[in-house]
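**Student:** Below are the structure tokens for one structure; questions will follow.
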Amino acid sequence: TQALTRGDGLKGDDVSTNVKTIRSIPQELKGDYPENFEIRGEVFMHRKAFDKLNAEREANGEKAFANPRNSAAGTIKMQDQSEVAKRPLDCSLYQFIGDERKYSDHYKNLERARSWGLPVSHERILCSTFDEVWDFISVWSEKRKDLSFDIDGVVIKVSNLHQQAEMGFTSKFPRWAIAYKFETETVKTRLNSVTYQVGRTGAVTPVANLEPVQLLGTTVKRASLHNADIIEQLELFIGDQVLVEKGGEIIPKIVGVDRDGVPHLSRKVEFAHECPACGTQLSRKQGEAAHYCPNDSGCPPQIKGRIEHFIGRKALDIDSLGEGKIAMLFDAGLIYNAADLYKLRYEDLDGLSRTVVNEETGEERLLSFRSKTAENILTGIKSSKSRPFNAVLYGLGIRYVGETVAKKLASEFGNIDKLMIADQEQLENTPEIGKIIASSVVEFFQDEKNLEIIQDLKDAGIAFKQEEKAAPSSTKLDGERVVVSGVFNRLGRKAIKTLIEDNGGVNVSSISSKTTFVLAGENMGPAKLQKAQDLGIPILSEDEFFSRLES
């Protein structure tokens with residue numbers, strides 16, 4: 001009925017018409033399939049199909065695609081369905097999501113999905129020991145060369161869905177799955193120079209500028225050197241022949257040096273002592289790998305970086321702006337912080353121009369804002385005023401406050417005024433907010449410059465207050481912090497968590513001294529059980545919990 005891209009995890013693109021052109025995906029299912037379910041997977045291209053597609057493009061005088069991965073990703077989002085149908089896409093499905101009480105085993109769910117006619121890989125195995133896992137990895141580290149498509153590793157998952165639920169997620173990844181990456185392709189090339197980039201937090205990252213080299217279908221000219229410790233470990237000299245690979249098959253990095261007895265003919269690479277952008281002496285906090293430029297209010301890359309973060313999709317989502325336009329506005333003296341965006345006028349933007357130089361070719365070209373561009377920018381800025389408080393809080397760029405933490409803080413404090421006066425202890429009492437995050441938040445709101453920007457944003461009409469939630473249907477669990485663990489008979493875990501919130505309770509993922517009680521189903525995790533007992537936290541069974549609500 002519908003096919004969606006993953007997007008940012010909350011919102012993706014509807015690509016249903018394009019997915020219907022993939023021949024391996026059936027238009028109708030067969031057998032005893034459930035009425036409602038979701039299944040996740042990946043669209044890809046086989047190598048031979050990709051080579052044939054490129055041959056056809058070159059014969060037609062068109063540019064060849066770089067690699068199957070990028071081609072598949074680009075094709076699935078195309079607007080022209082007839083063009084998508086010409087391209088040889090395939091699909092492999094790997095995760096079924098349905099009623100967790102009936103479909104409680106990942107491996108069996110995939111067997112069922114294949115019986116319904118869905119394309120599920122045959123190359124998988126159910127293991128009962130780690131030795132079996134390693135044997136499977138060992139076989140496929142060699143056998144992968146015989147596959148008709150490219151892979152970069154093996155995914156190991158816990159098959160029992162109730163155990164998956166117990167293990168849960170970090171803010172980005174499931175704790176019940178891990179990817180084992182095969183050793184990647186390595187190429188050798190010359191290190192021409194090392195330059196430095198300054199991020200919005202002031203972190204200074206060294207970048208290796210390389211003699212261009214082909215690696216996994218793309219031309220690599222730069223690679224991250226991460227920090228001073230990595231440079232020291234590699235003992236780099238300008239002119240060295242360095243070994244480059246792609247971390248996770250995506251990001252180029254230097255993993256070694258091949259001098260092969262050749263003496264050093266140039267200077268040794270030493271980490272910069274001063275900020276490359278503003279000349280300020282760099283500092284390094286104890287226990288941290290990165291060097292920082294402390295001139296946060298006067299260092300151009302930091303200022304522009306904070307504004308770029310503020311307009312990002314997960315923050316204020318001003319898509320009519322971007323890195324290049326922010327640079328133009330900053331260089332013209334029109335913006336110095338995020339709040340300045342809301343002071344821009346049409347006459348400031350219309351006709352604004354600057355000359356940009358292509359770093360690789362040295363070619364100069366003139367960029368300018370036309371009237372339509374100016375209108376789009378102002379419309380995007382106006383629309384951003386409707387963004388929710390948690391997105392605005394994330395956009396402020398408080399160190400360690402990512403998207404997930406911003407949501408928790410917004411939900412807990414409700415508005416910026418309460419958050420600004422919160423002390424270390426109050427912040428640490430917030431579920432899943434630790435000492436480091438709390439310290440960073442306190443420090444941010446102690447800075448007068450930040451308070452001035454927030455006031456200017458308030459004056460501009462930015463939302464610094466959480467939208468009112470619907471009042472709970474009862475207050476039987478008012479303010480109580482509940483950890484849900486195990487398998488339940490009456491309702492699924494999601495429904496039980498909704499019930500807790502409907503009665504005024506708060507769901508928390510980990511047990512602490514602040515936990516009110518643990519709702520324990522069958523097969524509760526032994527570690528959670530032990531911790532609850534050690535802390536003297538009450539443990540309620542499913543029947544006891546429902547009796548309490550019904551009383």
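Please note that chains go A, B, ... in the order of the structure tokens, that every chain numbers its residues from 1, and that ligands are numbered from 1 in the order shown.
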Give me, as a ChimeraX atom specification, the residues of stretch 111-265 of chain A that a backbone DSSP run labels helix (DSSP H, G or I).

**Tutor:** /A:111-115,130-146,161-167,228-234

**Student:** Suppose we keep N, CA and C atoms; can you now write the selection as a compact mmCIF listing (two decimals), in the first residue's frame?

**Tutor:**
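Contents of out33.txt, freshly written:
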# COMPACT_ATOMS: atom_id res chain seq x y z
N GLU A 111 11.23 -15.77 7.63
CA GLU A 111 10.80 -16.99 6.94
C GLU A 111 9.35 -16.83 6.46
N ARG A 112 8.50 -16.29 7.35
CA ARG A 112 7.10 -16.08 6.99
C ARG A 112 7.00 -15.10 5.82
N ALA A 113 7.76 -13.99 5.92
CA ALA A 113 7.69 -12.95 4.88
C ALA A 113 8.06 -13.52 3.52
N ARG A 114 9.05 -14.39 3.48
CA ARG A 114 9.45 -14.99 2.21
C ARG A 114 8.35 -15.91 1.68
N SER A 115 7.65 -16.60 2.59
CA SER A 115 6.56 -17.49 2.15
C SER A 115 5.39 -16.68 1.58
N PHE A 130 28.54 -18.14 19.79
CA PHE A 130 29.38 -17.14 19.13
C PHE A 130 30.32 -17.80 18.11
N ASP A 131 30.70 -19.04 18.37
CA ASP A 131 31.54 -19.74 17.40
C ASP A 131 30.83 -19.86 16.05
N GLU A 132 29.54 -20.11 16.09
CA GLU A 132 28.76 -20.21 14.85
C GLU A 132 28.71 -18.86 14.14
N VAL A 133 28.60 -17.78 14.93
CA VAL A 133 28.60 -16.43 14.34
C VAL A 133 29.92 -16.18 13.62
N TRP A 134 31.03 -16.49 14.30
CA TRP A 134 32.36 -16.25 13.70
C TRP A 134 32.58 -17.12 12.47
N ASP A 135 32.06 -18.35 12.50
CA ASP A 135 32.18 -19.22 11.33
C ASP A 135 31.46 -18.61 10.13
N PHE A 136 30.26 -18.07 10.37
CA PHE A 136 29.48 -17.44 9.29
C PHE A 136 30.23 -16.24 8.72
N ILE A 137 30.79 -15.42 9.62
CA ILE A 137 31.55 -14.24 9.18
C ILE A 137 32.76 -14.67 8.36
N SER A 138 33.46 -15.69 8.84
CA SER A 138 34.66 -16.17 8.16
C SER A 138 34.34 -16.67 6.75
N VAL A 139 33.23 -17.40 6.62
CA VAL A 139 32.83 -17.91 5.31
C VAL A 139 32.54 -16.76 4.35
N TRP A 140 31.79 -15.76 4.83
CA TRP A 140 31.36 -14.69 3.94
C TRP A 140 32.42 -13.63 3.68
N SER A 141 33.45 -13.60 4.51
CA SER A 141 34.55 -12.67 4.23
C SER A 141 35.25 -13.06 2.92
N GLU A 142 35.17 -14.34 2.57
CA GLU A 142 35.72 -14.83 1.29
C GLU A 142 34.62 -14.97 0.23
N LYS A 143 33.50 -15.54 0.64
CA LYS A 143 32.44 -15.88 -0.30
C LYS A 143 31.74 -14.63 -0.87
N ARG A 144 31.88 -13.49 -0.20
CA ARG A 144 31.20 -12.26 -0.65
C ARG A 144 31.62 -11.87 -2.06
N LYS A 145 32.83 -12.29 -2.46
CA LYS A 145 33.32 -11.97 -3.80
C LYS A 145 32.49 -12.65 -4.89
N ASP A 146 31.78 -13.73 -4.50
CA ASP A 146 30.97 -14.46 -5.47
C ASP A 146 29.56 -13.91 -5.59
N LEU A 161 12.31 -10.97 19.85
CA LEU A 161 11.87 -9.58 19.85
C LEU A 161 11.63 -9.04 21.24
N HIS A 162 11.27 -9.92 22.18
CA HIS A 162 11.10 -9.44 23.56
C HIS A 162 12.46 -9.07 24.16
N GLN A 163 13.48 -9.84 23.82
CA GLN A 163 14.82 -9.48 24.28
C GLN A 163 15.30 -8.21 23.59
N GLN A 164 14.94 -8.03 22.31
CA GLN A 164 15.26 -6.78 21.62
C GLN A 164 14.68 -5.59 22.38
N ALA A 165 13.40 -5.73 22.78
CA ALA A 165 12.73 -4.64 23.49
C ALA A 165 13.42 -4.36 24.82
N GLU A 166 13.89 -5.41 25.49
CA GLU A 166 14.62 -5.23 26.76
C GLU A 166 15.92 -4.45 26.54
N MET A 167 16.61 -4.78 25.46
CA MET A 167 17.91 -4.15 25.20
C MET A 167 17.75 -2.70 24.76
N ALA A 228 45.27 15.51 16.81
CA ALA A 228 46.73 15.55 16.95
C ALA A 228 47.31 14.18 17.27
N ASP A 229 46.60 13.39 18.08
CA ASP A 229 47.11 12.06 18.47
C ASP A 229 47.28 11.15 17.26
N ILE A 230 46.30 11.22 16.32
CA ILE A 230 46.38 10.38 15.12
C ILE A 230 47.59 10.79 14.27
N ILE A 231 47.81 12.08 14.12
CA ILE A 231 48.96 12.57 13.36
C ILE A 231 50.26 12.08 13.98
N GLU A 232 50.32 12.13 15.30
CA GLU A 232 51.52 11.69 16.01
C GLU A 232 51.75 10.19 15.84
N GLN A 233 50.68 9.42 15.92
CA GLN A 233 50.79 7.95 15.77
C GLN A 233 51.27 7.57 14.37
N LEU A 234 50.79 8.30 13.36
CA LEU A 234 51.16 7.98 11.98
C LEU A 234 52.56 8.48 11.61

**Student:** Mind running stretch 273-311 of chain A against stretch 185-202 of chain A at 7 Å and telling me each contacting residue's nearest atom pair with the distance in Å (one decimal), counting only C-alpha atoms, chain and number ascending, as JSON lines?

**Tutor:**
{"residue": "A:Pro276", "atom": "CA", "partner": "A:Tyr196", "partner_atom": "CA", "distance": 6.6}
{"residue": "A:Tyr292", "atom": "CA", "partner": "A:Gly202", "partner_atom": "CA", "distance": 5.0}
{"residue": "A:Cys293", "atom": "CA", "partner": "A:Gly202", "partner_atom": "CA", "distance": 4.9}
{"residue": "A:Pro294", "atom": "CA", "partner": "A:Gly202", "partner_atom": "CA", "distance": 6.7}
{"residue": "A:Asp296", "atom": "CA", "partner": "A:Gly202", "partner_atom": "CA", "distance": 6.6}
{"residue": "A:Pro301", "atom": "CA", "partner": "A:Val198", "partner_atom": "CA", "distance": 5.9}
{"residue": "A:Gln302", "atom": "CA", "partner": "A:Arg200", "partner_atom": "CA", "distance": 4.0}
{"residue": "A:Ile303", "atom": "CA", "partner": "A:Arg200", "partner_atom": "CA", "distance": 6.6}
{"residue": "A:Gly305", "atom": "CA", "partner": "A:Arg200", "partner_atom": "CA", "distance": 4.3}
{"residue": "A:Arg306", "atom": "CA", "partner": "A:Arg200", "partner_atom": "CA", "distance": 5.1}

**Student:** Those residues you just picked out, can you put them in a file as a PDB file, in the first residue's frame with all heavy atoms?

**Tutor:**
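The file below, again-v4.pdb, is the result:
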ATOM      1  N   PRO A 276      43.472  28.391  12.441  1.00  0.00           N
ATOM      2  CA  PRO A 276      43.764  28.780  11.056  1.00  0.00           C
ATOM      3  C   PRO A 276      42.854  29.896  10.552  1.00  0.00           C
ATOM      4  O   PRO A 276      43.156  30.541   9.554  1.00  0.00           O
ATOM      5  CB  PRO A 276      43.520  27.485  10.275  1.00  0.00           C
ATOM      6  CG  PRO A 276      42.559  26.716  11.104  1.00  0.00           C
ATOM      7  CD  PRO A 276      42.902  27.037  12.521  1.00  0.00           C
ATOM      8  N   TYR A 292      40.677  23.016  20.510  1.00  0.00           N
ATOM      9  CA  TYR A 292      39.597  23.974  20.299  1.00  0.00           C
ATOM     10  C   TYR A 292      40.129  25.392  20.168  1.00  0.00           C
ATOM     11  O   TYR A 292      41.129  25.759  20.795  1.00  0.00           O
ATOM     12  CB  TYR A 292      38.597  23.935  21.466  1.00  0.00           C
ATOM     13  CG  TYR A 292      37.754  22.681  21.498  1.00  0.00           C
ATOM     14  CD1 TYR A 292      38.210  21.538  22.152  1.00  0.00           C
ATOM     15  CD2 TYR A 292      36.523  22.624  20.867  1.00  0.00           C
ATOM     16  CE1 TYR A 292      37.454  20.376  22.169  1.00  0.00           C
ATOM     17  CE2 TYR A 292      35.758  21.474  20.880  1.00  0.00           C
ATOM     18  CZ  TYR A 292      36.227  20.359  21.537  1.00  0.00           C
ATOM     19  OH  TYR A 292      35.468  19.212  21.549  1.00  0.00           O
ATOM     20  N   CYS A 293      39.412  26.161  19.359  1.00  0.00           N
ATOM     21  CA  CYS A 293      39.647  27.604  19.299  1.00  0.00           C
ATOM     22  C   CYS A 293      38.701  28.248  20.305  1.00  0.00           C
ATOM     23  O   CYS A 293      37.475  28.157  20.146  1.00  0.00           O
ATOM     24  CB  CYS A 293      39.377  28.139  17.892  1.00  0.00           C
ATOM     25  SG  CYS A 293      39.361  29.947  17.822  1.00  0.00           S
ATOM     26  N   PRO A 294      39.225  28.917  21.348  1.00  0.00           N
ATOM     27  CA  PRO A 294      38.348  29.484  22.391  1.00  0.00           C
ATOM     28  C   PRO A 294      37.652  30.776  21.980  1.00  0.00           C
ATOM     29  O   PRO A 294      36.787  31.266  22.704  1.00  0.00           O
ATOM     30  CB  PRO A 294      39.326  29.738  23.548  1.00  0.00           C
ATOM     31  CG  PRO A 294      40.646  29.948  22.887  1.00  0.00           C
ATOM     32  CD  PRO A 294      40.655  29.093  21.654  1.00  0.00           C
ATOM     33  N   ASP A 296      35.096  31.901  20.512  1.00  0.00           N
ATOM     34  CA  ASP A 296      33.797  31.544  19.936  1.00  0.00           C
ATOM     35  C   ASP A 296      33.011  32.733  19.407  1.00  0.00           C
ATOM     36  O   ASP A 296      32.172  32.597  18.519  1.00  0.00           O
ATOM     37  CB  ASP A 296      32.955  30.768  20.956  1.00  0.00           C
ATOM     38  CG  ASP A 296      32.679  31.578  22.214  1.00  0.00           C
ATOM     39  OD1 ASP A 296      33.446  32.507  22.498  1.00  0.00           O
ATOM     40  OD2 ASP A 296      31.696  31.266  22.907  1.00  0.00           O
ATOM     41  N   PRO A 301      34.449  30.851  11.160  1.00  0.00           N
ATOM     42  CA  PRO A 301      33.857  29.528  10.911  1.00  0.00           C
ATOM     43  C   PRO A 301      32.929  29.072  12.036  1.00  0.00           C
ATOM     44  O   PRO A 301      31.934  28.387  11.783  1.00  0.00           O
ATOM     45  CB  PRO A 301      35.076  28.602  10.800  1.00  0.00           C
ATOM     46  CG  PRO A 301      36.210  29.495  10.472  1.00  0.00           C
ATOM     47  CD  PRO A 301      35.925  30.787  11.148  1.00  0.00           C
ATOM     48  N   GLN A 302      33.242  29.451  13.278  1.00  0.00           N
ATOM     49  CA  GLN A 302      32.373  29.079  14.391  1.00  0.00           C
ATOM     50  C   GLN A 302      31.038  29.812  14.302  1.00  0.00           C
ATOM     51  O   GLN A 302      29.975  29.227  14.499  1.00  0.00           O
ATOM     52  CB  GLN A 302      33.047  29.391  15.724  1.00  0.00           C
ATOM     53  CG  GLN A 302      34.253  28.528  16.023  1.00  0.00           C
ATOM     54  CD  GLN A 302      34.744  28.721  17.445  1.00  0.00           C
ATOM     55  OE1 GLN A 302      34.012  28.502  18.396  1.00  0.00           O
ATOM     56  NE2 GLN A 302      36.006  29.128  17.591  1.00  0.00           N
ATOM     57  N   ILE A 303      31.111  31.110  14.011  1.00  0.00           N
ATOM     58  CA  ILE A 303      29.891  31.912  13.917  1.00  0.00           C
ATOM     59  C   ILE A 303      29.005  31.397  12.789  1.00  0.00           C
ATOM     60  O   ILE A 303      27.798  31.145  12.976  1.00  0.00           O
ATOM     61  CB  ILE A 303      30.241  33.393  13.689  1.00  0.00           C
ATOM     62  CG1 ILE A 303      31.033  33.942  14.890  1.00  0.00           C
ATOM     63  CG2 ILE A 303      28.980  34.218  13.463  1.00  0.00           C
ATOM     64  CD1 ILE A 303      31.663  35.293  14.636  1.00  0.00           C
ATOM     65  N   GLY A 305      29.145  28.478  11.355  1.00  0.00           N
ATOM     66  CA  GLY A 305      28.754  27.103  11.653  1.00  0.00           C
ATOM     67  C   GLY A 305      27.551  27.029  12.582  1.00  0.00           C
ATOM     68  O   GLY A 305      26.658  26.187  12.408  1.00  0.00           O
ATOM     69  N   ARG A 306      27.502  27.920  13.577  1.00  0.00           N
ATOM     70  CA  ARG A 306      26.358  27.927  14.497  1.00  0.00           C
ATOM     71  C   ARG A 306      25.074  28.344  13.776  1.00  0.00           C
ATOM     72  O   ARG A 306      23.993  27.804  14.035  1.00  0.00           O
ATOM     73  CB  ARG A 306      26.631  28.860  15.683  1.00  0.00           C
ATOM     74  CG  ARG A 306      27.638  28.306  16.681  1.00  0.00           C
ATOM     75  CD  ARG A 306      27.611  29.089  17.981  1.00  0.00           C
ATOM     76  NE  ARG A 306      28.079  30.464  17.808  1.00  0.00           N
ATOM     77  CZ  ARG A 306      29.339  30.853  17.921  1.00  0.00           C
ATOM     78  NH1 ARG A 306      30.275  29.958  18.190  1.00  0.00           N
ATOM     79  NH2 ARG A 306      29.670  32.110  17.783  1.00  0.00           N
TER      80      ARG A 306
END

**Student:** Write out as a PyMOL selection string all residues of stretch 38-247 of chain A that backbone DSSP assigns to strand (DSSP E or B).

**Tutor:** chain A and resi 38-44+90-97+105+120+153-157+160+169+174+177-181+187-198+203-215+218-224+237+241-247

**Student:** Of the candidates A:Lys494, A:Lys172, A:Lys385, A:Arg548, which one gets nearest to A:Gly402 if we count only C-alpha atoms?

**Tutor:**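 Result for the nearest residue to A:Gly402: A:Lys172.
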
**Student:** Show me, as a PyMOL selection string, the residues that have an atom within 10 Å of stretch 117-125 of chain A when counting only C-alpha atoms, minus same-chain residues fewer than 3 positions from it.

**Tutor:** chain A and resi 24-31+39+41+90-95+107+110-114+128+132-133+136+140+154-156

**Student:** Those selected residues, please, written with N, CA and C atoms and delivered as a compact mmCIF listing (two decimals), in the first residue's frame.

**Tutor:**
# COMPACT_ATOMS: atom_id res chain seq x y z
N SER A 24 11.10 -7.60 -8.26
CA SER A 24 11.16 -8.61 -7.20
C SER A 24 10.15 -8.35 -6.08
N ILE A 25 9.54 -7.17 -6.07
CA ILE A 25 8.53 -6.86 -5.06
C ILE A 25 7.15 -7.18 -5.63
N PRO A 26 6.42 -8.10 -5.01
CA PRO A 26 5.12 -8.51 -5.56
C PRO A 26 4.07 -7.41 -5.38
N GLN A 27 3.16 -7.32 -6.34
CA GLN A 27 2.05 -6.37 -6.22
C GLN A 27 1.00 -6.89 -5.23
N GLU A 28 0.92 -8.22 -5.10
CA GLU A 28 0.01 -8.84 -4.13
C GLU A 28 0.74 -9.95 -3.40
N LEU A 29 0.37 -10.16 -2.15
CA LEU A 29 0.99 -11.23 -1.35
C LEU A 29 0.18 -12.51 -1.47
N LYS A 30 0.77 -13.59 -1.02
CA LYS A 30 0.07 -14.89 -1.03
C LYS A 30 0.14 -15.51 0.36
N GLY A 31 -0.71 -16.47 0.64
CA GLY A 31 -0.65 -17.18 1.90
C GLY A 31 -1.34 -16.45 3.04
N ILE A 39 7.37 -3.69 6.70
CA ILE A 39 8.60 -4.45 6.46
C ILE A 39 9.65 -3.52 5.90
N GLY A 41 13.69 -2.70 4.41
CA GLY A 41 14.74 -3.32 3.60
C GLY A 41 15.56 -2.30 2.86
N ASP A 90 16.72 -3.71 -7.54
CA ASP A 90 16.27 -4.91 -6.84
C ASP A 90 16.08 -4.52 -5.37
N CYS A 91 15.58 -5.45 -4.57
CA CYS A 91 15.29 -5.12 -3.17
C CYS A 91 15.54 -6.33 -2.29
N SER A 92 16.04 -6.09 -1.09
CA SER A 92 16.21 -7.14 -0.09
C SER A 92 15.59 -6.66 1.22
N LEU A 93 14.63 -7.42 1.73
CA LEU A 93 13.92 -7.02 2.94
C LEU A 93 14.49 -7.76 4.15
N TYR A 94 14.61 -7.06 5.27
CA TYR A 94 15.34 -7.66 6.39
C TYR A 94 14.73 -7.44 7.77
N GLN A 95 13.59 -6.75 7.88
CA GLN A 95 12.99 -6.56 9.20
C GLN A 95 11.48 -6.45 9.10
N TYR A 107 13.90 -14.11 13.17
CA TYR A 107 14.28 -15.08 12.12
C TYR A 107 13.03 -15.74 11.52
N LEU A 110 11.07 -13.47 9.16
CA LEU A 110 11.61 -13.36 7.81
C LEU A 110 11.26 -14.60 6.98
N GLU A 111 11.23 -15.77 7.63
CA GLU A 111 10.80 -16.99 6.94
C GLU A 111 9.35 -16.83 6.46
N ARG A 112 8.50 -16.29 7.35
CA ARG A 112 7.10 -16.08 6.99
C ARG A 112 7.00 -15.10 5.82
N ALA A 113 7.76 -13.99 5.92
CA ALA A 113 7.69 -12.95 4.88
C ALA A 113 8.06 -13.52 3.52
N ARG A 114 9.05 -14.39 3.48
CA ARG A 114 9.45 -14.99 2.21
C ARG A 114 8.35 -15.91 1.68
N SER A 128 23.36 -20.28 17.59
CA SER A 128 23.13 -20.46 19.03
C SER A 128 24.40 -20.25 19.84
N GLU A 132 29.54 -20.11 16.09
CA GLU A 132 28.76 -20.21 14.85
C GLU A 132 28.71 -18.86 14.14
N VAL A 133 28.60 -17.78 14.93
CA VAL A 133 28.60 -16.43 14.34
C VAL A 133 29.92 -16.18 13.62
N PHE A 136 30.26 -18.07 10.37
CA PHE A 136 29.48 -17.44 9.29
C PHE A 136 30.23 -16.24 8.72
N TRP A 140 31.79 -15.76 4.83
CA TRP A 140 31.36 -14.69 3.94
C TRP A 140 32.42 -13.63 3.68
N VAL A 154 28.57 -8.06 7.74
CA VAL A 154 27.51 -8.96 8.19
C VAL A 154 26.84 -8.31 9.41
N VAL A 155 25.51 -8.36 9.45
CA VAL A 155 24.79 -7.83 10.61
C VAL A 155 24.40 -8.97 11.54
N ILE A 156 24.72 -8.81 12.82
CA ILE A 156 24.38 -9.82 13.84
C ILE A 156 23.27 -9.24 14.70

**Student:** Just checking: using only C-alpha atoms, which residue out of A:Ile500, A:Leu321, A:Leu329, A:Ala59 ends up closest to A:Glu375?

**Tutor:**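 That would be A:Leu321, the residue with the smallest distance to A:Glu375.
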
**Student:** Would you mind listing what lies within 8 Å of A:Ser224 as a ChimeraX atom specification, with only C-alpha atoms counted and same-chain residues fewer than 6 positions away left out?

**Tutor:** /A:205-208,252-254

**Student:** Can I get the selection written as an mmCIF file, in the first residue's frame, with N, CA and C atoms?

**Tutor:**
data_model
loop_
_atom_site.group_PDB
_atom_site.id
_atom_site.type_symbol
_atom_site.label_atom_id
_atom_site.label_comp_id
_atom_site.auth_asym_id
_atom_site.auth_seq_id
_atom_site.Cartn_x
_atom_site.Cartn_y
_atom_site.Cartn_z
ATOM 1 N N THR A 205 39.801 20.323 13.163
ATOM 2 C CA THR A 205 40.041 19.004 12.581
ATOM 3 C C THR A 205 41.063 19.096 11.458
ATOM 4 N N PRO A 206 42.150 18.306 11.534
ATOM 5 C CA PRO A 206 43.123 18.294 10.434
ATOM 6 C C PRO A 206 42.625 17.489 9.250
ATOM 7 N N VAL A 207 42.882 17.996 8.039
ATOM 8 C CA VAL A 207 42.445 17.327 6.818
ATOM 9 C C VAL A 207 43.646 17.101 5.910
ATOM 10 N N ALA A 208 43.831 15.868 5.475
ATOM 11 C CA ALA A 208 44.923 15.530 4.564
ATOM 12 C C ALA A 208 44.489 15.817 3.129
ATOM 13 N N PRO A 252 36.607 8.692 3.725
ATOM 14 C CA PRO A 252 38.032 8.371 3.545
ATOM 15 C C PRO A 252 38.844 8.696 4.800
ATOM 16 N N LYS A 253 39.769 7.805 5.133
ATOM 17 C CA LYS A 253 40.665 8.058 6.261
ATOM 18 C C LYS A 253 42.018 7.428 5.982
ATOM 19 N N ILE A 254 43.053 8.022 6.554
ATOM 20 C CA ILE A 254 44.416 7.498 6.397
ATOM 21 C C ILE A 254 44.659 6.473 7.502
#

**Student:** One number please: atom CA of A:Leu427 to atom CA of A:Gln533, in Å, one decimal.

**Tutor:** 25.9 Å

**Student:** Nearest to A:Ser509: which of A:Gly333, A:Gly395, A:Pro431, A:Gly461 is it, counting only C-alpha atoms?

**Tutor:**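 For A:Ser509, the nearest of the candidates is A:Pro431.
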
**Student:** Please provide the set of residues having any atom within 7 Å of A:Asp502, restricted to only C-alpha atoms, with same-chain residues fewer than 3 positions apart removed, written as a ChimeraX atom specification.

**Tutor:** /A:472-474,498-499

**Student:** Give me, as a VMD selection string, all polymer residues having an atom no more than 10 Å from A:Gln466, counting only C-alpha atoms and skipping those fewer than 6 positions away in the same chain.

**Tutor:** chain A and resid 388 to 390 407 410 to 416

**Student:** Need to verify the contact set: A:Lys458, 10 Å, only C-alpha atoms, exclusion of same-chain residues closer than 5 positions in sequence. Can you return it as a PDB file with N, CA, C and O atoms, in the first residue's frame?

**Tutor:**
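Once everything was written out, this is selection_31.pdb:
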ATOM      1  N   ALA A 339      19.827  35.136  15.527  1.00  0.00           N
ATOM      2  CA  ALA A 339      18.734  36.097  15.687  1.00  0.00           C
ATOM      3  C   ALA A 339      18.739  37.159  14.587  1.00  0.00           C
ATOM      4  O   ALA A 339      17.687  37.714  14.235  1.00  0.00           O
ATOM      5  N   LYS A 385       9.237  30.258  12.264  1.00  0.00           N
ATOM      6  CA  LYS A 385       8.685  30.685  13.556  1.00  0.00           C
ATOM      7  C   LYS A 385       7.666  29.689  14.106  1.00  0.00           C
ATOM      8  O   LYS A 385       7.307  29.750  15.273  1.00  0.00           O
ATOM      9  N   ILE A 416      11.636  27.773  27.775  1.00  0.00           N
ATOM     10  CA  ILE A 416      13.041  28.170  27.882  1.00  0.00           C
ATOM     11  C   ILE A 416      13.335  28.867  29.203  1.00  0.00           C
ATOM     12  O   ILE A 416      14.435  28.748  29.749  1.00  0.00           O
ATOM     13  N   GLU A 452      21.303  37.147  25.280  1.00  0.00           N
ATOM     14  CA  GLU A 452      20.900  38.248  24.387  1.00  0.00           C
ATOM     15  C   GLU A 452      20.301  37.690  23.090  1.00  0.00           C
ATOM     16  O   GLU A 452      19.291  38.196  22.583  1.00  0.00           O
ATOM     17  N   ILE A 453      20.953  36.645  22.534  1.00  0.00           N
ATOM     18  CA  ILE A 453      20.443  36.028  21.293  1.00  0.00           C
ATOM     19  C   ILE A 453      19.062  35.428  21.537  1.00  0.00           C
ATOM     20  O   ILE A 453      18.146  35.584  20.719  1.00  0.00           O
ATOM     21  N   ALA A 463       9.245  30.121  18.862  1.00  0.00           N
ATOM     22  CA  ALA A 463       8.545  29.333  19.889  1.00  0.00           C
ATOM     23  C   ALA A 463       9.525  28.807  20.930  1.00  0.00           C
ATOM     24  O   ALA A 463      10.338  27.935  20.622  1.00  0.00           O
ATOM     25  N   PHE A 464       9.445  29.361  22.137  1.00  0.00           N
ATOM     26  CA  PHE A 464      10.287  28.883  23.233  1.00  0.00           C
ATOM     27  C   PHE A 464       9.445  28.233  24.325  1.00  0.00           C
ATOM     28  O   PHE A 464       9.811  28.246  25.488  1.00  0.00           O
TER      29      PHE A 464
END

**Student:** For atom CA of A:Gly61 and atom CA of A:Glu83, determine how far apart the two atoms are, in Å to one decimal place.

**Tutor:**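 About the pair atom CA of A:Gly61 and atom CA of A:Glu83: they are 16.6 Å apart.
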
**Student:** Name the closest residue to A:Val518 among the candidates A:Phe237, A:Phe369, A:Tyr346, A:Phe545; distances are taken between atoms, counting only C-alpha atoms.

**Tutor:**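 Of A:Phe237, A:Phe369, A:Tyr346, A:Phe545, the one nearest A:Val518, counting only C-alpha atoms, is A:Phe545.
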
**Student:** How far is it from atom CA of A:Gly7 to atom CA of A:Ile318, in Å with one decimal?

**Tutor:**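 Between atom CA of A:Gly7 and atom CA of A:Ile318 the gap works out to 17.1 Å.
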
**Student:** When you count only C-alpha atoms, which of these residues is closest to A:Phe96: A:Leu540, A:Gly492, A:Ser159, A:Gly322?

**Tutor:**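 The closest residue to A:Phe96 is A:Ser159.
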